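> Contents are compact mmCIF, C-alpha atoms; file name protein.txt:
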# COMPACT_ATOMS: atom_id res chain seq x y z
CA MET A 571 9.47 -3.42 8.32
CA LYS A 572 5.97 -4.88 8.42
CA VAL A 573 2.50 -3.85 7.26
CA THR A 574 1.56 -3.00 10.84
CA ASP A 575 4.20 -0.21 10.73
CA ILE A 576 2.43 1.37 7.74
CA LEU A 577 -1.01 1.05 9.36
CA ARG A 578 0.26 2.68 12.57
CA VAL A 579 1.36 5.77 10.63
CA LYS A 580 -1.54 5.77 8.19
CA GLY A 581 -4.35 5.63 10.73
CA ASN A 582 -7.44 3.50 10.79
CA THR A 583 -9.98 5.24 8.55
CA LEU A 584 -11.60 2.61 6.34
CA PHE A 585 -14.09 2.96 3.53
CA THR A 586 -16.19 -0.06 2.63
CA ILE A 587 -19.17 -0.75 0.45
CA SER A 588 -21.63 -3.59 0.00
CA PRO A 589 -21.49 -5.59 -3.25
CA ASP A 590 -25.18 -4.89 -3.86
CA GLN A 591 -24.84 -1.10 -3.78
CA PRO A 592 -25.00 0.81 -7.06
CA LEU A 593 -21.66 1.49 -8.74
CA ALA A 594 -22.66 5.16 -8.98
CA GLN A 595 -22.81 5.34 -5.18
CA ALA A 596 -19.34 3.76 -4.93
CA VAL A 597 -17.91 6.28 -7.40
CA GLN A 598 -19.49 9.13 -5.45
CA THR A 599 -17.95 7.85 -2.19
CA MET A 600 -14.54 7.51 -3.84
CA ALA A 601 -14.76 11.06 -5.22
CA GLU A 602 -16.02 12.62 -1.96
CA HIS A 603 -13.19 11.10 0.07
CA ASP A 604 -10.51 11.35 -2.65
CA ILE A 605 -9.72 7.64 -2.43
CA GLY A 606 -8.79 5.16 -5.14
CA SER A 607 -10.41 2.06 -3.67
CA LEU A 608 -13.22 0.65 -1.59
CA VAL A 609 -13.17 -2.64 0.24
CA VAL A 610 -16.27 -4.65 -0.60
CA MET A 611 -17.72 -6.29 2.52
CA GLU A 612 -20.73 -8.55 2.88
CA HIS A 613 -21.97 -9.83 6.25
CA GLY A 614 -18.66 -8.83 7.85
CA ASP A 615 -16.52 -10.72 5.31
CA LEU A 616 -14.26 -9.37 2.59
CA THR A 617 -15.83 -10.22 -0.75
CA GLY A 618 -13.88 -8.00 -3.10
CA MET A 619 -12.08 -4.80 -3.91
CA LEU A 620 -13.26 -1.94 -6.08
CA THR A 621 -10.63 0.38 -7.50
CA PHE A 622 -10.65 3.12 -10.08
CA ARG A 623 -9.31 0.50 -12.52
CA GLU A 624 -12.53 -1.56 -12.32
CA VAL A 625 -14.66 1.59 -12.41
CA ILE A 626 -13.01 2.90 -15.57
CA SER A 627 -13.26 -0.49 -17.26
CA ALA A 628 -16.98 -0.70 -16.40
CA ILE A 629 -17.66 2.80 -17.73
CA VAL A 630 -15.80 2.15 -20.99
CA SER A 631 -17.63 -1.16 -21.54
CA ASN A 632 -20.99 0.58 -20.97
CA ASP A 633 -20.74 3.31 -23.64
CA MET A 634 -19.05 5.74 -21.23
CA ALA A 635 -21.85 5.60 -18.65
CA ILE A 636 -22.04 4.14 -15.15
CA GLY A 637 -25.61 3.02 -15.71
CA THR A 638 -27.39 0.90 -13.10
CA ARG A 639 -24.63 -1.63 -12.52
CA LEU A 640 -23.97 -2.94 -9.04
CA VAL A 641 -20.57 -3.03 -7.35
CA ARG A 642 -20.72 -6.85 -7.45
CA SER A 643 -20.70 -6.85 -11.26
CA VAL A 644 -17.41 -4.95 -11.58
CA MET A 645 -15.40 -5.58 -8.40
CA ASP A 646 -12.29 -7.74 -8.17
CA ASP A 647 -13.70 -10.73 -6.31
CA ALA A 648 -10.27 -12.25 -5.57
CA PRO A 649 -8.10 -9.38 -4.34
CA LEU A 650 -4.63 -9.87 -2.95
CA THR A 651 -4.58 -9.65 0.83
CA CYS A 652 -1.91 -9.57 3.51
CA THR A 653 -1.72 -9.61 7.29
CA PRO A 654 -0.35 -6.96 9.65
CA GLU A 655 2.73 -9.17 10.12
CA THR A 656 3.55 -9.46 6.39
CA GLU A 657 6.95 -7.99 5.53
CA ILE A 658 6.84 -4.88 3.32
CA ASP A 659 9.22 -6.47 0.79
CA GLU A 660 6.76 -9.35 0.35
CA VAL A 661 3.84 -6.93 -0.10
CA ARG A 662 5.85 -5.03 -2.69
CA ARG A 663 6.60 -8.23 -4.63
CA MET A 664 2.95 -9.33 -4.50
CA MET A 665 1.66 -5.95 -5.67
CA LEU A 666 4.18 -5.73 -8.50
CA GLY A 667 3.39 -9.29 -9.60
CA ARG A 668 -0.33 -8.57 -9.93
CA HIS A 669 -0.13 -4.87 -10.84
CA ALA A 670 -2.20 -4.22 -7.71
CA ARG A 671 -2.39 -0.71 -6.35
CA TYR A 672 -4.35 -1.51 -3.19
CA MET A 673 -4.26 -4.44 -0.77
CA PRO A 674 -6.64 -5.15 2.10
CA VAL A 675 -4.97 -6.10 5.38
CA LEU A 676 -6.72 -8.91 7.25
CA ASN A 677 -6.12 -10.28 10.72
CA GLY A 678 -8.02 -13.53 10.41
CA LYS A 679 -11.32 -12.33 8.95
CA THR A 680 -11.07 -8.86 10.50
CA LEU A 681 -10.31 -6.00 8.12
CA MET A 682 -7.47 -3.96 9.63
CA GLY A 683 -6.91 -1.50 6.81
CA VAL A 684 -5.78 -1.07 3.23
CA VAL A 685 -2.24 -0.40 2.05
CA SER A 686 -1.61 1.26 -1.27
CA PHE A 687 1.39 0.92 -3.52
CA TYR A 688 2.13 4.55 -2.56
CA ASP A 689 2.22 3.54 1.13
CA VAL A 690 4.63 0.71 0.37
CA ALA A 691 6.88 2.88 -1.82
CA LYS A 692 6.92 5.65 0.80
CA SER A 693 7.91 3.21 3.55
CA VAL A 694 10.78 1.87 1.42
CA VAL A 695 12.02 5.40 0.62
CA ASP A 696 11.74 6.44 4.29
CA ALA A 697 13.72 3.36 5.38
CA GLN A 698 16.40 4.06 2.76
CA ASP A 699 16.60 7.72 3.84
CA PHE A 700 17.06 6.66 7.46
CA GLU A 701 19.78 4.17 6.52
CA ASN A 702 21.49 6.79 4.36
CA ARG A 703 21.51 9.30 7.26
CA MET A 704 22.93 6.65 9.62
CA LEU A 705 25.70 5.72 7.17
CA LYS A 706 26.62 9.38 6.65
CA ALA A 707 26.74 9.91 10.42
CA TYR A 708 28.92 6.82 10.78
CA ILE A 709 31.32 8.05 8.10
CA ARG A 710 31.38 11.57 9.58
CA ASP A 711 32.28 10.11 13.00
CA TRP A 712 34.94 7.76 11.59
CA PRO A 713 37.93 7.69 13.96
CA LEU A 714 41.07 9.37 12.68
CA GLU A 715 43.93 7.04 11.75
CA GLU A 716 47.08 6.93 13.88
CA GLU A 717 49.88 9.22 12.82
CA ALA A 718 51.68 7.74 9.83
CA THR A 719 55.05 6.16 10.51
CA PRO A 720 57.90 8.44 9.32
CA GLY A 721 59.06 7.48 5.85
CA ALA A 722 55.94 5.39 5.10
CA GLN A 723 54.22 6.02 1.81
CA PRO A 724 50.54 7.03 2.05
CA SER A 725 48.23 4.61 0.28
Please rewrite the model in this file as C-alpha cells.

Amino acid sequence: MKVTDILRVKGNTLFTISPDQPLAQAVQTMAEHDIGSLVVMEHGDLTGMLTFREVISAIVSNDMAIGTRLVRSVMDDAPLTCTPETEIDEVRRMMLGRHARYMPVLNGKTLMGVVSFYDVAKSVVDAQDFENRMLKAYIRDWPLEEEATPGAQPS
C-alpha cells in the first residue's frame, strides 16, 4: 500500500498558511476546521509545518499567551515529507522515528496532501482486517480430506 492510496480515500482538502501570518490566525484556522496541522507555504514552496505541538510549546514559553508571534517563529522548518509513491510501512517508520503526527506529501515541489499518523494506522488496520477476512474465507472453504483408509489411525 502506498501514500497515494490514503490520499485517494482521504480527499484533497488542504489547509495552508503563510509563515508571516500571526500565530493567532493559524490557531483560529486549526480550531475552525478541527485540524491538528497546517502546511506552511511561501511563494508556492513548502517552508514548514505547524502542528498543535508547536502551538502548545509557543504558548507555554510565552506565559500561556499566543501574543503577537508569527507562524515562522514557531513552525517546524524541516518537516518530514514523503511522495505519493512512498510505501505506507516506510511512512510509518519515518513518523515513529521522529514522533511526527503529520507528514506533507510532495510530488516534486507540488503539495499533494498531508497524511496523519491516524491515516497511516487506519490503513494498516484496514489492510490487516482484509487479510484476516481472506484467511478466514480460505479456511472456511478448505477442501475436505479424502475418506480415511480403514484401520488407519487419525492424526
> What gap, in Å, lies between CA of Arg578 (chain A) and CA of Val685 (chain A)?
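Calculated distance between CA of Arg578 (chain A) and CA of Val685 (chain A) is 11.2 Å.
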> Tell me, as a list in words, which residues lie within 8 Å of Pro654 (chain A), counting only C-alpha atoms; anything in the same chain fewer than 5 positions away does not count.
Lys572, Val573, Thr574, Val675, Leu676, Asn677 and Met682 of chain A
> Which residues come within 10 Å of Glu612 (chain A), counting only C-alpha atoms, excluding same-chain residues fewer than 5 positions away, as an MDAnalysis selection string?
chainID A and resid 586:590 617:618
> Could you tell me how far CA of Ile605 (chain A) sits from CA of Gly581 (chain A), in Å to one decimal place?
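So the two atoms, CA of Gly581 (chain A) and CA of Ile605 (chain A), lie 14.4 Å apart.
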> Which residue gives the smallest distance to Val684 (chain A) among A:Cys652, A:Ala707, A:Ala601, A:Leu593, with all atoms listed in the file counted?
A:Cys652
> Starting from the point (-10.7, 0.5, -0.4), work out which residues of protein, DNA or RNA have an atom no more than 8 Å away when counting only C-alpha atoms; state them as a PyMOL selection string.
chain A and resi 584-586+605-610+619-621+672+674+684
> Could you state the separation of CA of Asp689 (chain A) and CA of Lys580 (chain A) in Å, given to one decimal place?
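A separation of 8.3 Å between them.
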> Looking at A:Met704, A:Ile658, A:Leu714, A:Ala628, which one is nearest to Met673 (chain A), with distances taken over all atoms listed in the file?
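Closest residue, counting all atoms listed in the file: A:Ile658.
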> For Leu681 (chain A), which residue among A:Asp615, A:Asp604, A:Asp659, A:Asp633 is the nearest when counting only C-alpha atoms?
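For Leu681 (chain A), the nearest of the given residues is A:Asp615.
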> Pick from A:Lys706, A:Lys679, A:Arg662, A:Arg671: nearest to Val694 (chain A), with all atoms listed in the file counted?
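Of the candidates, the smallest distance to Val694 (chain A) is held by A:Arg662.
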> Which polymer residues have any atom within 12 Å of an atom of His669 (chain A), counting all atoms listed in the file, with same-chain residues fewer than 5 positions away left out, as number ranges by chain?
A: 623, 649-650, 661-664, 686-687
> Centre and edge lengths of an axis-aligned box around all listed atoms of region 644-654 of chain A, with 4 Å added on each side, are to be given in Å to one decimal, as AutoDock Vina command-line options.

--center_x -8.9 --center_y -8.6 --center_z -1.0 --size_x 25.1 --size_y 15.3 --size_z 29.2
> Any chance you could export region 640-683 of chain A with N, CA and C atoms, as a PDB file, in the first residue's frame?

ATOM      1  N   LEU A 640       4.620  35.267  15.048  1.00  0.00           N
ATOM      2  CA  LEU A 640       4.289  34.836  13.693  1.00  0.00           C
ATOM      3  C   LEU A 640       4.483  33.332  13.575  1.00  0.00           C
ATOM      4  N   VAL A 641       3.802  32.739  12.610  1.00  0.00           N
ATOM      5  CA  VAL A 641       3.919  31.304  12.359  1.00  0.00           C
ATOM      6  C   VAL A 641       5.384  30.923  12.165  1.00  0.00           C
ATOM      7  N   ARG A 642       6.136  31.748  11.444  1.00  0.00           N
ATOM      8  CA  ARG A 642       7.544  31.473  11.152  1.00  0.00           C
ATOM      9  C   ARG A 642       8.370  31.214  12.418  1.00  0.00           C
ATOM     10  N   SER A 643       8.011  31.892  13.500  1.00  0.00           N
ATOM     11  CA  SER A 643       8.814  31.793  14.722  1.00  0.00           C
ATOM     12  C   SER A 643       8.588  30.499  15.499  1.00  0.00           C
ATOM     13  N   VAL A 644       7.533  29.752  15.169  1.00  0.00           N
ATOM     14  CA  VAL A 644       7.243  28.538  15.936  1.00  0.00           C
ATOM     15  C   VAL A 644       7.131  27.276  15.081  1.00  0.00           C
ATOM     16  N   MET A 645       7.047  27.414  13.777  1.00  0.00           N
ATOM     17  CA  MET A 645       6.830  26.256  12.904  1.00  0.00           C
ATOM     18  C   MET A 645       8.049  25.329  12.880  1.00  0.00           C
ATOM     19  N   ASP A 646       7.808  24.094  12.479  1.00  0.00           N
ATOM     20  CA  ASP A 646       8.890  23.144  12.218  1.00  0.00           C
ATOM     21  C   ASP A 646       9.358  23.452  10.796  1.00  0.00           C
ATOM     22  N   ASP A 647      10.582  23.966  10.671  1.00  0.00           N
ATOM     23  CA  ASP A 647      11.043  24.386   9.347  1.00  0.00           C
ATOM     24  C   ASP A 647      11.753  23.271   8.580  1.00  0.00           C
ATOM     25  N   ALA A 648      11.752  22.067   9.126  1.00  0.00           N
ATOM     26  CA  ALA A 648      12.332  20.914   8.423  1.00  0.00           C
ATOM     27  C   ALA A 648      11.444  19.686   8.632  1.00  0.00           C
ATOM     28  N   PRO A 649      10.186  19.766   8.172  1.00  0.00           N
ATOM     29  CA  PRO A 649       9.290  18.636   8.419  1.00  0.00           C
ATOM     30  C   PRO A 649       9.642  17.430   7.552  1.00  0.00           C
ATOM     31  N   LEU A 650       9.295  16.270   8.048  1.00  0.00           N
ATOM     32  CA  LEU A 650       9.396  15.061   7.238  1.00  0.00           C
ATOM     33  C   LEU A 650       8.438  15.193   6.069  1.00  0.00           C
ATOM     34  N   THR A 651       8.822  14.698   4.915  1.00  0.00           N
ATOM     35  CA  THR A 651       7.925  14.673   3.763  1.00  0.00           C
ATOM     36  C   THR A 651       8.014  13.302   3.109  1.00  0.00           C
ATOM     37  N   CYS A 652       7.026  13.006   2.277  1.00  0.00           N
ATOM     38  CA  CYS A 652       7.040  11.775   1.500  1.00  0.00           C
ATOM     39  C   CYS A 652       6.429  12.085   0.141  1.00  0.00           C
ATOM     40  N   THR A 653       6.413  11.100  -0.721  1.00  0.00           N
ATOM     41  CA  THR A 653       5.806  11.249  -2.040  1.00  0.00           C
ATOM     42  C   THR A 653       4.567  10.368  -2.106  1.00  0.00           C
ATOM     43  N   PRO A 654       3.733  10.550  -3.109  1.00  0.00           N
ATOM     44  CA  PRO A 654       2.570   9.668  -3.245  1.00  0.00           C
ATOM     45  C   PRO A 654       2.956   8.201  -3.425  1.00  0.00           C
ATOM     46  N   GLU A 655       4.157   7.940  -3.920  1.00  0.00           N
ATOM     47  CA  GLU A 655       4.597   6.568  -4.179  1.00  0.00           C
ATOM     48  C   GLU A 655       5.304   5.913  -2.988  1.00  0.00           C
ATOM     49  N   THR A 656       5.479   6.644  -1.891  1.00  0.00           N
ATOM     50  CA  THR A 656       6.138   6.084  -0.715  1.00  0.00           C
ATOM     51  C   THR A 656       5.262   4.987  -0.115  1.00  0.00           C
ATOM     52  N   GLU A 657       5.887   3.878   0.236  1.00  0.00           N
ATOM     53  CA  GLU A 657       5.162   2.762   0.868  1.00  0.00           C
ATOM     54  C   GLU A 657       4.717   3.172   2.275  1.00  0.00           C
ATOM     55  N   ILE A 658       3.531   2.724   2.672  1.00  0.00           N
ATOM     56  CA  ILE A 658       2.968   3.059   3.984  1.00  0.00           C
ATOM     57  C   ILE A 658       3.880   2.580   5.116  1.00  0.00           C
ATOM     58  N   ASP A 659       4.496   1.412   4.965  1.00  0.00           N
ATOM     59  CA  ASP A 659       5.392   0.918   6.017  1.00  0.00           C
ATOM     60  C   ASP A 659       6.568   1.871   6.226  1.00  0.00           C
ATOM     61  N   GLU A 660       7.070   2.454   5.152  1.00  0.00           N
ATOM     62  CA  GLU A 660       8.174   3.415   5.255  1.00  0.00           C
ATOM     63  C   GLU A 660       7.701   4.698   5.948  1.00  0.00           C
ATOM     64  N   VAL A 661       6.516   5.163   5.610  1.00  0.00           N
ATOM     65  CA  VAL A 661       5.951   6.359   6.253  1.00  0.00           C
ATOM     66  C   VAL A 661       5.788   6.099   7.744  1.00  0.00           C
ATOM     67  N   ARG A 662       5.287   4.935   8.076  1.00  0.00           N
ATOM     68  CA  ARG A 662       5.093   4.580   9.490  1.00  0.00           C
ATOM     69  C   ARG A 662       6.423   4.610  10.234  1.00  0.00           C
ATOM     70  N   ARG A 663       7.467   4.010   9.651  1.00  0.00           N
ATOM     71  CA  ARG A 663       8.788   4.011  10.290  1.00  0.00           C
ATOM     72  C   ARG A 663       9.317   5.438  10.460  1.00  0.00           C
ATOM     73  N   MET A 664       9.167   6.263   9.422  1.00  0.00           N
ATOM     74  CA  MET A 664       9.658   7.641   9.492  1.00  0.00           C
ATOM     75  C   MET A 664       8.926   8.425  10.580  1.00  0.00           C
ATOM     76  N   MET A 665       7.612   8.277  10.638  1.00  0.00           N
ATOM     77  CA  MET A 665       6.820   9.018  11.623  1.00  0.00           C
ATOM     78  C   MET A 665       7.153   8.556  13.043  1.00  0.00           C
ATOM     79  N   LEU A 666       7.301   7.270  13.237  1.00  0.00           N
ATOM     80  CA  LEU A 666       7.653   6.761  14.561  1.00  0.00           C
ATOM     81  C   LEU A 666       9.043   7.237  14.971  1.00  0.00           C
ATOM     82  N   GLY A 667       9.979   7.246  14.031  1.00  0.00           N
ATOM     83  CA  GLY A 667      11.348   7.654  14.331  1.00  0.00           C
ATOM     84  C   GLY A 667      11.466   9.102  14.774  1.00  0.00           C
ATOM     85  N   ARG A 668      10.604   9.964  14.231  1.00  0.00           N
ATOM     86  CA  ARG A 668      10.659  11.389  14.576  1.00  0.00           C
ATOM     87  C   ARG A 668       9.505  11.837  15.465  1.00  0.00           C
ATOM     88  N   HIS A 669       8.672  10.919  15.903  1.00  0.00           N
ATOM     89  CA  HIS A 669       7.479  11.256  16.689  1.00  0.00           C
ATOM     90  C   HIS A 669       6.611  12.259  15.950  1.00  0.00           C
ATOM     91  N   ALA A 670       6.540  12.123  14.628  1.00  0.00           N
ATOM     92  CA  ALA A 670       5.757  13.042  13.801  1.00  0.00           C
ATOM     93  C   ALA A 670       4.323  12.539  13.703  1.00  0.00           C
ATOM     94  N   ARG A 671       3.391  13.458  13.811  1.00  0.00           N
ATOM     95  CA  ARG A 671       1.985  13.095  13.694  1.00  0.00           C
ATOM     96  C   ARG A 671       1.411  13.456  12.329  1.00  0.00           C
ATOM     97  N   TYR A 672       2.098  14.315  11.600  1.00  0.00           N
ATOM     98  CA  TYR A 672       1.618  14.770  10.296  1.00  0.00           C
ATOM     99  C   TYR A 672       2.783  14.819   9.324  1.00  0.00           C
ATOM    100  N   MET A 673       2.509  14.468   8.059  1.00  0.00           N
ATOM    101  CA  MET A 673       3.566  14.476   7.056  1.00  0.00           C
ATOM    102  C   MET A 673       3.013  15.001   5.727  1.00  0.00           C
ATOM    103  N   PRO A 674       3.592  16.109   5.240  1.00  0.00           N
ATOM    104  CA  PRO A 674       3.190  16.600   3.921  1.00  0.00           C
ATOM    105  C   PRO A 674       3.611  15.615   2.824  1.00  0.00           C
ATOM    106  N   VAL A 675       2.775  15.511   1.813  1.00  0.00           N
ATOM    107  CA  VAL A 675       3.045  14.645   0.665  1.00  0.00           C
ATOM    108  C   VAL A 675       3.357  15.550  -0.520  1.00  0.00           C
ATOM    109  N   LEU A 676       4.566  15.399  -1.064  1.00  0.00           N
ATOM    110  CA  LEU A 676       5.005  16.238  -2.178  1.00  0.00           C
ATOM    111  C   LEU A 676       5.249  15.389  -3.416  1.00  0.00           C
ATOM    112  N   ASN A 677       4.808  15.906  -4.551  1.00  0.00           N
ATOM    113  CA  ASN A 677       5.146  15.328  -5.843  1.00  0.00           C
ATOM    114  C   ASN A 677       6.024  16.368  -6.520  1.00  0.00           C
ATOM    115  N   GLY A 678       7.329  16.198  -6.414  1.00  0.00           N
ATOM    116  CA  GLY A 678       8.248  17.257  -6.810  1.00  0.00           C
ATOM    117  C   GLY A 678       8.132  18.365  -5.780  1.00  0.00           C
ATOM    118  N   LYS A 679       7.730  19.559  -6.241  1.00  0.00           N
ATOM    119  CA  LYS A 679       7.506  20.673  -5.305  1.00  0.00           C
ATOM    120  C   LYS A 679       6.020  20.911  -5.057  1.00  0.00           C
ATOM    121  N   THR A 680       5.172  20.098  -5.686  1.00  0.00           N
ATOM    122  CA  THR A 680       3.725  20.282  -5.573  1.00  0.00           C
ATOM    123  C   THR A 680       3.187  19.551  -4.352  1.00  0.00           C
ATOM    124  N   LEU A 681       2.481  20.289  -3.497  1.00  0.00           N
ATOM    125  CA  LEU A 681       1.860  19.720  -2.307  1.00  0.00           C
ATOM    126  C   LEU A 681       0.625  18.931  -2.726  1.00  0.00           C
ATOM    127  N   MET A 682       0.626  17.641  -2.425  1.00  0.00           N
ATOM    128  CA  MET A 682      -0.478  16.754  -2.809  1.00  0.00           C
ATOM    129  C   MET A 682      -1.453  16.509  -1.659  1.00  0.00           C
ATOM    130  N   GLY A 683      -0.989  16.699  -0.435  1.00  0.00           N
ATOM    131  CA  GLY A 683      -1.835  16.440   0.718  1.00  0.00           C
ATOM    132  C   GLY A 683      -0.995  16.295   1.963  1.00  0.00           C
TER     133      GLY A 683
END
